[in-house]
$ cat coords31.pdb   # PDB, C-alpha atoms
ATOM      1  CA  MET A   6     -55.668   5.631 -84.631  1.00  0.00           C
ATOM      2  CA  THR A   7     -52.111   5.347 -85.825  1.00  0.00           C
ATOM      3  CA  ASN A   8     -49.643   8.177 -86.336  1.00  0.00           C
ATOM      4  CA  ASN A   9     -50.045   7.835 -90.100  1.00  0.00           C
ATOM      5  CA  ASP A  10     -53.816   8.330 -89.821  1.00  0.00           C
ATOM      6  CA  MET A  11     -53.505  11.666 -88.043  1.00  0.00           C
ATOM      7  CA  THR A  12     -54.416  14.945 -89.725  1.00  0.00           C
ATOM      8  CA  ASN A  13     -53.386  18.503 -88.917  1.00  0.00           C
ATOM      9  CA  ASN A  14     -56.564  18.894 -86.853  1.00  0.00           C
ATOM     10  CA  ASP A  15     -55.304  16.191 -84.498  1.00  0.00           C
ATOM     11  CA  LEU A  16     -52.380  18.427 -83.533  1.00  0.00           C
ATOM     12  CA  THR A  17     -54.696  20.683 -81.543  1.00  0.00           C
ATOM     13  CA  GLY A  18     -56.494  17.845 -79.788  1.00  0.00           C
ATOM     14  CA  LYS A  19     -55.747  15.065 -77.355  1.00  0.00           C
ATOM     15  CA  ALA A  20     -55.781  12.367 -80.040  1.00  0.00           C
ATOM     16  CA  GLY A  21     -52.778  10.519 -81.058  1.00  0.00           C
ATOM     17  CA  TYR A  22     -49.184  10.183 -80.295  1.00  0.00           C
ATOM     18  CA  GLU A  23     -48.134   7.310 -78.068  1.00  0.00           C
ATOM     19  CA  ARG A  24     -44.441   7.923 -78.724  1.00  0.00           C
ATOM     20  CA  PHE A  25     -42.340  10.677 -80.173  1.00  0.00           C
ATOM     21  CA  THR A  26     -38.800  11.974 -80.169  1.00  0.00           C
ATOM     22  CA  ILE A  27     -37.560  15.379 -79.043  1.00  0.00           C
ATOM     23  CA  LYS A  28     -34.356  16.789 -80.484  1.00  0.00           C
ATOM     24  CA  GLN A  29     -32.628  19.873 -79.160  1.00  0.00           C
ATOM     25  CA  LYS A  30     -30.458  22.048 -81.347  1.00  0.00           C
ATOM     26  CA  ILE A  31     -28.315  24.700 -79.638  1.00  0.00           C
ATOM     27  CA  THR A  32     -26.772  27.591 -81.557  1.00  0.00           C
ATOM     28  CA  MET A  33     -25.107  30.811 -80.471  1.00  0.00           C
ATOM     29  CA  MET A  34     -28.449  32.595 -80.548  1.00  0.00           C
ATOM     30  CA  VAL A  35     -31.299  30.146 -79.931  1.00  0.00           C
ATOM     31  CA  ASN A  36     -32.354  26.863 -78.383  1.00  0.00           C
ATOM     32  CA  ARG A  37     -34.611  24.846 -80.650  1.00  0.00           C
ATOM     33  CA  TYR A  38     -36.723  21.804 -79.828  1.00  0.00           C
ATOM     34  CA  GLU A  39     -38.175  19.626 -82.573  1.00  0.00           C
ATOM     35  CA  ILE A  40     -40.822  16.997 -81.801  1.00  0.00           C
ATOM     36  CA  ARG A  41     -41.391  14.223 -84.328  1.00  0.00           C
ATOM     37  CA  SER A  42     -43.716  11.256 -84.270  1.00  0.00           C
ATOM     38  CA  VAL A  43     -42.265   7.746 -84.058  1.00  0.00           C
ATOM     39  CA  ASP A  44     -43.981   4.654 -85.458  1.00  0.00           C
ATOM     40  CA  ALA A  45     -44.126   1.174 -83.943  1.00  0.00           C
ATOM     41  CA  GLU A  46     -40.861   0.218 -85.654  1.00  0.00           C
ATOM     42  CA  GLY A  47     -39.056   3.236 -84.232  1.00  0.00           C
ATOM     43  CA  ALA A  48     -38.865   5.198 -87.490  1.00  0.00           C
ATOM     44  CA  GLU A  49     -39.225   8.973 -87.199  1.00  0.00           C
ATOM     45  CA  GLY A  50     -42.182  10.629 -88.849  1.00  0.00           C
ATOM     46  CA  PRO A  51     -42.884  14.263 -89.731  1.00  0.00           C
ATOM     47  CA  LEU A  52     -42.484  17.272 -87.464  1.00  0.00           C
ATOM     48  CA  ILE A  53     -45.493  17.610 -85.164  1.00  0.00           C
ATOM     49  CA  ALA A  54     -44.369  20.562 -83.027  1.00  0.00           C
ATOM     50  CA  MET A  55     -41.386  22.839 -82.513  1.00  0.00           C
ATOM     51  CA  ALA A  56     -40.286  25.615 -80.190  1.00  0.00           C
ATOM     52  CA  GLN A  57     -37.493  28.126 -80.572  1.00  0.00           C
ATOM     53  CA  GLN A  58     -36.205  30.498 -77.918  1.00  0.00           C
ATOM     54  CA  LYS A  59     -33.379  32.977 -77.617  1.00  0.00           C
ATOM     55  CA  ARG A  60     -30.659  31.496 -75.411  1.00  0.00           C
ATOM     56  CA  MET A  61     -30.596  34.390 -72.944  1.00  0.00           C
ATOM     57  CA  ALA A  62     -34.386  34.634 -72.702  1.00  0.00           C
ATOM     58  CA  PHE A  63     -36.284  33.630 -69.572  1.00  0.00           C
ATOM     59  CA  LYS A  64     -37.628  30.085 -69.730  1.00  0.00           C
ATOM     60  CA  GLU A  65     -40.826  30.839 -67.836  1.00  0.00           C
ATOM     61  CA  GLN A  66     -42.862  30.583 -71.050  1.00  0.00           C
ATOM     62  CA  VAL A  67     -42.429  28.341 -74.086  1.00  0.00           C
ATOM     63  CA  THR A  68     -44.803  28.138 -77.076  1.00  0.00           C
ATOM     64  CA  PHE A  69     -44.857  25.201 -79.495  1.00  0.00           C
ATOM     65  CA  TYR A  70     -45.900  25.542 -83.115  1.00  0.00           C
ATOM     66  CA  ALA A  71     -47.013  23.067 -85.749  1.00  0.00           C
ATOM     67  CA  ASP A  72     -44.940  24.642 -88.505  1.00  0.00           C
ATOM     68  CA  GLU A  73     -41.398  25.855 -89.147  1.00  0.00           C
ATOM     69  CA  ALA A  74     -42.640  29.393 -89.760  1.00  0.00           C
ATOM     70  CA  ARG A  75     -44.190  29.420 -86.281  1.00  0.00           C
ATOM     71  CA  THR A  76     -47.596  30.603 -87.443  1.00  0.00           C
ATOM     72  CA  GLN A  77     -49.804  27.860 -85.930  1.00  0.00           C
ATOM     73  CA  PRO A  78     -49.559  27.519 -82.123  1.00  0.00           C
ATOM     74  CA  VAL A  79     -50.281  24.032 -80.812  1.00  0.00           C
ATOM     75  CA  PHE A  80     -49.648  24.239 -77.066  1.00  0.00           C
ATOM     76  CA  GLY A  81     -47.288  25.809 -74.545  1.00  0.00           C
ATOM     77  CA  PHE A  82     -46.327  26.088 -70.904  1.00  0.00           C
ATOM     78  CA  LYS A  83     -45.946  29.114 -68.659  1.00  0.00           C
ATOM     79  CA  ALA A  84     -44.880  29.614 -65.033  1.00  0.00           C
ATOM     80  CA  ARG A  85     -47.385  31.067 -62.602  1.00  0.00           C
ATOM     81  CA  GLN A  86     -44.527  32.817 -60.798  1.00  0.00           C
ATOM     82  CA  ARG A  87     -41.366  34.119 -62.417  1.00  0.00           C
ATOM     83  CA  MET A  88     -37.904  33.174 -61.125  1.00  0.00           C
ATOM     84  CA  ASP A  89     -39.336  30.819 -58.512  1.00  0.00           C
ATOM     85  CA  LEU A  90     -37.563  27.495 -57.929  1.00  0.00           C
ATOM     86  CA  GLY A  91     -40.870  25.944 -56.879  1.00  0.00           C
ATOM     87  CA  ALA A  92     -43.013  27.517 -59.589  1.00  0.00           C
ATOM     88  CA  THR A  93     -45.965  25.655 -61.052  1.00  0.00           C
ATOM     89  CA  TYR A  94     -46.098  25.593 -64.849  1.00  0.00           C
ATOM     90  CA  ASP A  95     -49.471  25.507 -66.577  1.00  0.00           C
ATOM     91  CA  VAL A  96     -49.742  23.684 -69.894  1.00  0.00           C
ATOM     92  CA  THR A  97     -52.291  25.252 -72.236  1.00  0.00           C
ATOM     93  CA  ASP A  98     -53.702  24.414 -75.644  1.00  0.00           C
ATOM     94  CA  ALA A  99     -53.587  26.695 -78.685  1.00  0.00           C
ATOM     95  CA  SER A 100     -56.452  28.825 -77.332  1.00  0.00           C
ATOM     96  CA  GLY A 101     -54.880  29.231 -73.885  1.00  0.00           C
ATOM     97  CA  THR A 102     -57.150  26.731 -72.114  1.00  0.00           C
ATOM     98  CA  PRO A 103     -55.352  24.806 -69.319  1.00  0.00           C
ATOM     99  CA  ILE A 104     -54.813  21.117 -70.115  1.00  0.00           C
ATOM    100  CA  GLY A 105     -52.339  20.205 -67.367  1.00  0.00           C
ATOM    101  CA  SER A 106     -49.579  21.445 -65.087  1.00  0.00           C
ATOM    102  CA  PHE A 107     -46.268  20.448 -63.570  1.00  0.00           C
ATOM    103  CA  ARG A 108     -43.840  21.602 -60.899  1.00  0.00           C
ATOM    104  CA  LYS A 109     -40.475  20.552 -59.568  1.00  0.00           C
ATOM    105  CA  GLU A 110     -40.181  19.297 -55.999  1.00  0.00           C
ATOM    106  CA  PHE A 111     -37.162  21.389 -55.068  1.00  0.00           C
ATOM    107  CA  ALA A 112     -36.291  19.744 -51.727  1.00  0.00           C
ATOM    108  CA  LYS A 113     -36.625  16.193 -53.076  1.00  0.00           C
ATOM    109  CA  SER A 114     -34.617  17.163 -56.156  1.00  0.00           C
ATOM    110  CA  LEU A 115     -31.442  17.953 -54.239  1.00  0.00           C
ATOM    111  CA  LEU A 116     -30.300  14.343 -54.679  1.00  0.00           C
ATOM    112  CA  ARG A 117     -32.732  13.042 -57.300  1.00  0.00           C
ATOM    113  CA  SER A 118     -34.835  15.258 -59.548  1.00  0.00           C
ATOM    114  CA  THR A 119     -38.533  14.880 -58.761  1.00  0.00           C
ATOM    115  CA  TRP A 120     -41.520  16.412 -60.551  1.00  0.00           C
ATOM    116  CA  GLN A 121     -45.266  16.439 -59.999  1.00  0.00           C
ATOM    117  CA  LEU A 122     -47.414  16.240 -63.131  1.00  0.00           C
ATOM    118  CA  THR A 123     -51.173  16.787 -63.313  1.00  0.00           C
ATOM    119  CA  GLY A 124     -53.466  16.152 -66.273  1.00  0.00           C
ATOM    120  CA  ALA A 125     -56.573  18.172 -67.086  1.00  0.00           C
ATOM    121  CA  ASP A 126     -58.737  15.322 -65.770  1.00  0.00           C
ATOM    122  CA  GLY A 127     -57.022  15.510 -62.388  1.00  0.00           C
ATOM    123  CA  LEU A 128     -54.773  12.469 -62.679  1.00  0.00           C
ATOM    124  CA  GLU A 129     -51.496  13.055 -60.871  1.00  0.00           C
ATOM    125  CA  ALA A 130     -48.145  11.412 -61.492  1.00  0.00           C
ATOM    126  CA  THR A 131     -44.735  11.656 -59.848  1.00  0.00           C
ATOM    127  CA  GLY A 132     -41.657  11.709 -62.031  1.00  0.00           C
ATOM    128  CA  THR A 133     -38.144  10.840 -60.838  1.00  0.00           C
ATOM    129  CA  GLU A 134     -34.771  10.171 -62.392  1.00  0.00           C
ATOM    130  CA  ARG A 135     -34.652   6.460 -63.083  1.00  0.00           C
ATOM    131  CA  ASN A 136     -31.165   5.895 -61.663  1.00  0.00           C
ATOM    132  CA  GLN A 137     -30.276   7.541 -58.360  1.00  0.00           C
ATOM    133  CA  SER A 138     -26.556   6.799 -58.723  1.00  0.00           C
ATOM    134  CA  VAL A 139     -26.482   8.642 -62.047  1.00  0.00           C
ATOM    135  CA  ALA A 140     -28.449  11.495 -60.472  1.00  0.00           C
ATOM    136  CA  ILE A 141     -25.835  11.943 -57.752  1.00  0.00           C
ATOM    137  CA  ALA A 142     -22.921  11.626 -60.184  1.00  0.00           C
ATOM    138  CA  ARG A 143     -24.504  14.237 -62.461  1.00  0.00           C
ATOM    139  CA  ARG A 144     -24.782  16.679 -59.565  1.00  0.00           C
ATOM    140  CA  LEU A 145     -21.147  16.190 -58.618  1.00  0.00           C
ATOM    141  CA  TRP A 146     -20.149  16.824 -62.228  1.00  0.00           C
ATOM    142  CA  GLU A 147     -22.139  20.070 -62.372  1.00  0.00           C
ATOM    143  CA  VAL A 148     -20.352  21.578 -59.358  1.00  0.00           C
ATOM    144  CA  LEU A 149     -16.848  20.918 -60.685  1.00  0.00           C
ATOM    145  CA  PRO A 150     -15.146  24.284 -61.350  1.00  0.00           C
ATOM    146  CA  VAL A 151     -13.629  23.097 -64.653  1.00  0.00           C
ATOM    147  CA  VAL A 152     -16.934  21.988 -66.187  1.00  0.00           C
ATOM    148  CA  GLY A 153     -18.237  25.347 -67.389  1.00  0.00           C
ATOM    149  CA  ASP A 154     -20.474  24.765 -70.428  1.00  0.00           C
ATOM    150  CA  LEU A 155     -19.143  21.288 -71.138  1.00  0.00           C
ATOM    151  CA  PRO A 156     -21.971  18.813 -71.800  1.00  0.00           C
ATOM    152  CA  SER A 157     -22.639  16.304 -69.067  1.00  0.00           C
ATOM    153  CA  PRO A 158     -21.351  12.783 -69.825  1.00  0.00           C
ATOM    154  CA  PHE A 159     -24.275  11.320 -67.862  1.00  0.00           C
ATOM    155  CA  LEU A 160     -27.535  10.352 -69.548  1.00  0.00           C
ATOM    156  CA  PHE A 161     -30.604  10.854 -67.395  1.00  0.00           C
ATOM    157  CA  HIS A 162     -33.933   9.099 -67.850  1.00  0.00           C
ATOM    158  CA  PHE A 163     -37.270   9.831 -66.170  1.00  0.00           C
ATOM    159  CA  ASP A 164     -40.337   7.750 -65.346  1.00  0.00           C
ATOM    160  CA  PHE A 165     -43.655   9.299 -64.268  1.00  0.00           C
ATOM    161  CA  THR A 166     -45.838   6.980 -62.206  1.00  0.00           C
ATOM    162  CA  ALA A 167     -49.536   7.279 -61.349  1.00  0.00           C
ATOM    163  CA  PRO A 168     -50.802   6.445 -57.831  1.00  0.00           C
ATOM    164  CA  ASP A 169     -51.669   2.889 -58.941  1.00  0.00           C
ATOM    165  CA  GLY A 170     -48.068   2.325 -60.009  1.00  0.00           C
ATOM    166  CA  SER A 171     -48.683   2.614 -63.748  1.00  0.00           C
ATOM    167  CA  ILE A 172     -46.046   4.458 -65.781  1.00  0.00           C
ATOM    168  CA  VAL A 173     -47.784   7.205 -67.768  1.00  0.00           C
ATOM    169  CA  LEU A 174     -44.707   8.934 -69.216  1.00  0.00           C
ATOM    170  CA  SER A 175     -41.111   7.890 -69.768  1.00  0.00           C
ATOM    171  CA  SER A 176     -38.324  10.005 -71.219  1.00  0.00           C
ATOM    172  CA  VAL A 177     -35.046   8.379 -72.246  1.00  0.00           C
ATOM    173  CA  ARG A 178     -32.094  10.523 -73.244  1.00  0.00           C
ATOM    174  CA  ARG A 179     -29.997   9.152 -76.102  1.00  0.00           C
ATOM    175  CA  ARG A 180     -26.359   9.909 -76.726  1.00  0.00           C
ATOM    176  CA  SER A 181     -26.059  11.786 -80.023  1.00  0.00           C
ATOM    177  CA  LEU A 182     -24.591  14.944 -81.539  1.00  0.00           C
ATOM    178  CA  ARG A 183     -27.864  16.663 -80.727  1.00  0.00           C
ATOM    179  CA  ASP A 184     -29.630  16.040 -77.445  1.00  0.00           C
ATOM    180  CA  ARG A 185     -32.356  13.495 -78.182  1.00  0.00           C
ATOM    181  CA  TYR A 186     -35.111  12.225 -75.937  1.00  0.00           C
ATOM    182  CA  ASP A 187     -37.337   9.262 -76.760  1.00  0.00           C
ATOM    183  CA  VAL A 188     -40.703   9.768 -75.082  1.00  0.00           C
ATOM    184  CA  GLU A 189     -43.430   7.174 -74.537  1.00  0.00           C
ATOM    185  CA  LEU A 190     -46.920   7.610 -73.099  1.00  0.00           C
ATOM    186  CA  PRO A 191     -48.058   4.109 -72.059  1.00  0.00           C
ATOM    187  CA  ALA A 192     -51.749   3.499 -71.487  1.00  0.00           C
ATOM    188  CA  THR A 193     -52.859   2.635 -67.960  1.00  0.00           C
ATOM    189  CA  PRO A 194     -54.709  -0.667 -67.327  1.00  0.00           C
ATOM    190  CA  ASN A 195     -58.074   1.093 -67.845  1.00  0.00           C
ATOM    191  CA  GLY A 196     -56.960   2.502 -71.206  1.00  0.00           C
ATOM    192  CA  TRP A 197     -56.269   6.083 -70.082  1.00  0.00           C
ATOM    193  CA  ARG A 198     -53.360   7.861 -71.753  1.00  0.00           C
ATOM    194  CA  LEU A 199     -51.745  11.199 -70.951  1.00  0.00           C
ATOM    195  CA  ASP A 200     -52.498  14.029 -73.378  1.00  0.00           C
ATOM    196  CA  TRP A 201     -49.493  14.047 -75.737  1.00  0.00           C
ATOM    197  CA  ARG A 202     -49.220  17.844 -75.491  1.00  0.00           C
ATOM    198  CA  VAL A 203     -48.845  17.656 -71.715  1.00  0.00           C
ATOM    199  CA  GLY A 204     -46.323  14.837 -72.101  1.00  0.00           C
ATOM    200  CA  ALA A 205     -44.321  16.802 -74.675  1.00  0.00           C
ATOM    201  CA  ALA A 206     -44.320  19.954 -72.543  1.00  0.00           C
ATOM    202  CA  MET A 207     -43.105  17.981 -69.528  1.00  0.00           C
ATOM    203  CA  ALA A 208     -40.416  16.218 -71.544  1.00  0.00           C
ATOM    204  CA  VAL A 209     -39.032  19.496 -72.906  1.00  0.00           C
ATOM    205  CA  ALA A 210     -39.148  21.037 -69.434  1.00  0.00           C
ATOM    206  CA  LEU A 211     -37.005  18.166 -68.134  1.00  0.00           C
ATOM    207  CA  ASP A 212     -34.273  19.509 -70.391  1.00  0.00           C
ATOM    208  CA  ALA A 213     -34.932  23.244 -70.363  1.00  0.00           C
ATOM    209  CA  LEU A 214     -35.605  23.588 -66.630  1.00  0.00           C
ATOM    210  CA  GLN A 215     -33.452  20.785 -65.239  1.00  0.00           C
ATOM    211  CA  SER A 216     -30.932  23.190 -63.703  1.00  0.00           C
ATOM    212  CA  ARG A 217     -33.617  25.179 -61.894  1.00  0.00           C
TER     213      ARG A 217
END

$ encode --input "coords31.pdb" --output "structure tokens"
Amino acid sequence: MTNNDMTNNDLTGKAGYERFTIKQKITMMVNRYEIRSVDAEGAEGPLIAMAQQKRMAFKEQVTFYADEARTQPVFGFKARQRMDLGATYDVTDASGTPIGSFRKEFAKSLLRSTWQLTGADGLEATGTERNQSVAIARRLWEVLPVVGDLPSPFLFHFDFTAPDGSIVLSSVRRRSLRDRYDVELPATPNGWRLDWRVGAAMAVALDALQSR
């Protein structure tokens, strides 16, 4: 099935998106994430999910909707414990059924951000920043007293690898006026592919929770 063959019903199921882009828009009042499909030639398609959150709100729960009016939930993630650096986040579908989870490895992340991702079928993957030198430079930048709210000049990319070495999720940050992440969900050698909703939740969390 291609992206162009998908219907609205596919948004609430595992079918579909092998690649998509996530754009973040920051205003004085809200953070907004827009997820759009991307075809084989790299052209952006229609909006497939979006989330909007007040800037000062806790980030322990994020809900994604299929429409601008935010009337049709598609999926979301929520922390099991609030204000916990090592919290596990459950990813759920529109009905609240768990479809995956993720958590940050706090100790390992001191020098290089590391995450553990689990799919509903039990497959586990470890995600790390692709370039350790950039990871260290980004941390040094963040502790500079003059930085404040200045955007980081460093672009960070993540790869999530299954136990057999297969990459199941990659997130590449692009330099643009709005934060943009290009996300791919490669199939493993046996044809398995990560649920796009779990991949999208993890990719947004890499931005929203990166400072945790």

$ atom_distance --input "coords31.pdb" --atom1 "atom CA of Glu189 of chain A" --atom2 "atom CA of Ser118 of chain A"
19.1 Å

$ resolve_selection --input "coords31.pdb" --expression "the PyMOL selection byres ((chain A and resi 103-107) around 9)" --output "PDB file with C-alpha atoms, in the frame of the given file"
ATOM      1  CA  PHE A  82     -46.327  26.088 -70.904  1.00  0.00           C
ATOM      2  CA  ALA A  92     -43.013  27.517 -59.589  1.00  0.00           C
ATOM      3  CA  THR A  93     -45.965  25.655 -61.052  1.00  0.00           C
ATOM      4  CA  TYR A  94     -46.098  25.593 -64.849  1.00  0.00           C
ATOM      5  CA  ASP A  95     -49.471  25.507 -66.577  1.00  0.00           C
ATOM      6  CA  VAL A  96     -49.742  23.684 -69.894  1.00  0.00           C
ATOM      7  CA  THR A  97     -52.291  25.252 -72.236  1.00  0.00           C
ATOM      8  CA  ASP A  98     -53.702  24.414 -75.644  1.00  0.00           C
ATOM      9  CA  GLY A 101     -54.880  29.231 -73.885  1.00  0.00           C
ATOM     10  CA  THR A 102     -57.150  26.731 -72.114  1.00  0.00           C
ATOM     11  CA  ARG A 108     -43.840  21.602 -60.899  1.00  0.00           C
ATOM     12  CA  LYS A 109     -40.475  20.552 -59.568  1.00  0.00           C
ATOM     13  CA  TRP A 120     -41.520  16.412 -60.551  1.00  0.00           C
ATOM     14  CA  GLN A 121     -45.266  16.439 -59.999  1.00  0.00           C
ATOM     15  CA  LEU A 122     -47.414  16.240 -63.131  1.00  0.00           C
ATOM     16  CA  THR A 123     -51.173  16.787 -63.313  1.00  0.00           C
ATOM     17  CA  GLY A 124     -53.466  16.152 -66.273  1.00  0.00           C
ATOM     18  CA  ALA A 125     -56.573  18.172 -67.086  1.00  0.00           C
ATOM     19  CA  ASP A 126     -58.737  15.322 -65.770  1.00  0.00           C
ATOM     20  CA  GLY A 127     -57.022  15.510 -62.388  1.00  0.00           C
ATOM     21  CA  ASP A 200     -52.498  14.029 -73.378  1.00  0.00           C
ATOM     22  CA  ARG A 202     -49.220  17.844 -75.491  1.00  0.00           C
ATOM     23  CA  VAL A 203     -48.845  17.656 -71.715  1.00  0.00           C
ATOM     24  CA  MET A 207     -43.105  17.981 -69.528  1.00  0.00           C
TER      25      MET A 207
END

$ closest_residue --input "coords31.pdb" --among "A:Gly81, A:Gly196, A:Gly91, A:Pro168" --to "Ala54 of chain A" --atoms "all atoms listed in the file"
A:Gly81

$ residues_around --input "coords31.pdb" --residues "Arg41 of chain A" --least-positions-apart "6" --cutoff "10 Å" --atoms "all atoms listed in the file" --output "list of chain:residue names"
A:Tyr22, A:Arg24, A:Phe25, A:Thr26, A:Ile27, A:Lys28, A:Ala48, A:Glu49, A:Gly50, A:Pro51, A:Leu52, A:Ile53, A:Ala54, A:Met55, A:Asp187

$ closest_residue --input "coords31.pdb" --among "A:Ser171, A:Ser42, A:Thr131, A:Gln57" --to "Glu110 of chain A" --atoms "all atoms listed in the file"
A:Thr131

$ closest_residue --input "coords31.pdb" --among "A:Val177, A:Ala71, A:Ala45, A:Leu115" --to "Ala208 of chain A" --atoms "only C-alpha atoms"
A:Val177

$ closest_residue --input "coords31.pdb" --among "A:Arg117, A:Phe80, A:Pro194, A:Asp72" --to "Glu39 of chain A" --atoms "only C-alpha atoms"
A:Asp72

$ closest_residue --input "coords31.pdb" --among "A:Arg185, A:Arg87, A:Lys30, A:Lys59" --to "His162 of chain A" --atoms "all atoms listed in the file"
A:Arg185

$ closest_residue --input "coords31.pdb" --among "A:Ala74, A:Ala192, A:Ala206, A:Ile40" --to "Thr166 of chain A" --atoms "only C-alpha atoms"
A:Ala192

$ atom_distance --input "coords31.pdb" --atom1 "atom CA of Asp169 of chain A" --atom2 "atom CA of Val43 of chain A"
27.3 Å

$ axis_aligned_box --input "coords31.pdb" --around "segment 91-106 of chain A" --padding-each-side "4 Å" --output "lines of an AutoDock Vina configuration file"
center_x = -49.0
center_y = 24.7
center_z = -67.8
size_x = 24.3
size_y = 17.0
size_z = 29.8

$ residues_around --input "coords31.pdb" --residues "Asp164 of chain A" --least-positions-apart "3" --cutoff "7 Å" --atoms "only C-alpha atoms" --output "PyMOL selection string"
chain A and resi 132-135+172+174-176

$ write_last_selection --input "coords31.pdb" --atoms "C-alpha atoms" --output "compact mmCIF listing (two decimals), in the frame of the given file"
# COMPACT_ATOMS: atom_id res chain seq x y z
CA GLY A 132 -41.66 11.71 -62.03
CA THR A 133 -38.14 10.84 -60.84
CA GLU A 134 -34.77 10.17 -62.39
CA ARG A 135 -34.65 6.46 -63.08
CA ILE A 172 -46.05 4.46 -65.78
CA LEU A 174 -44.71 8.93 -69.22
CA SER A 175 -41.11 7.89 -69.77
CA SER A 176 -38.32 10.01 -71.22

$ atom_distance --input "coords31.pdb" --atom1 "atom CA of Tyr70 of chain A" --atom2 "atom CA of Leu199 of chain A"
19.7 Å
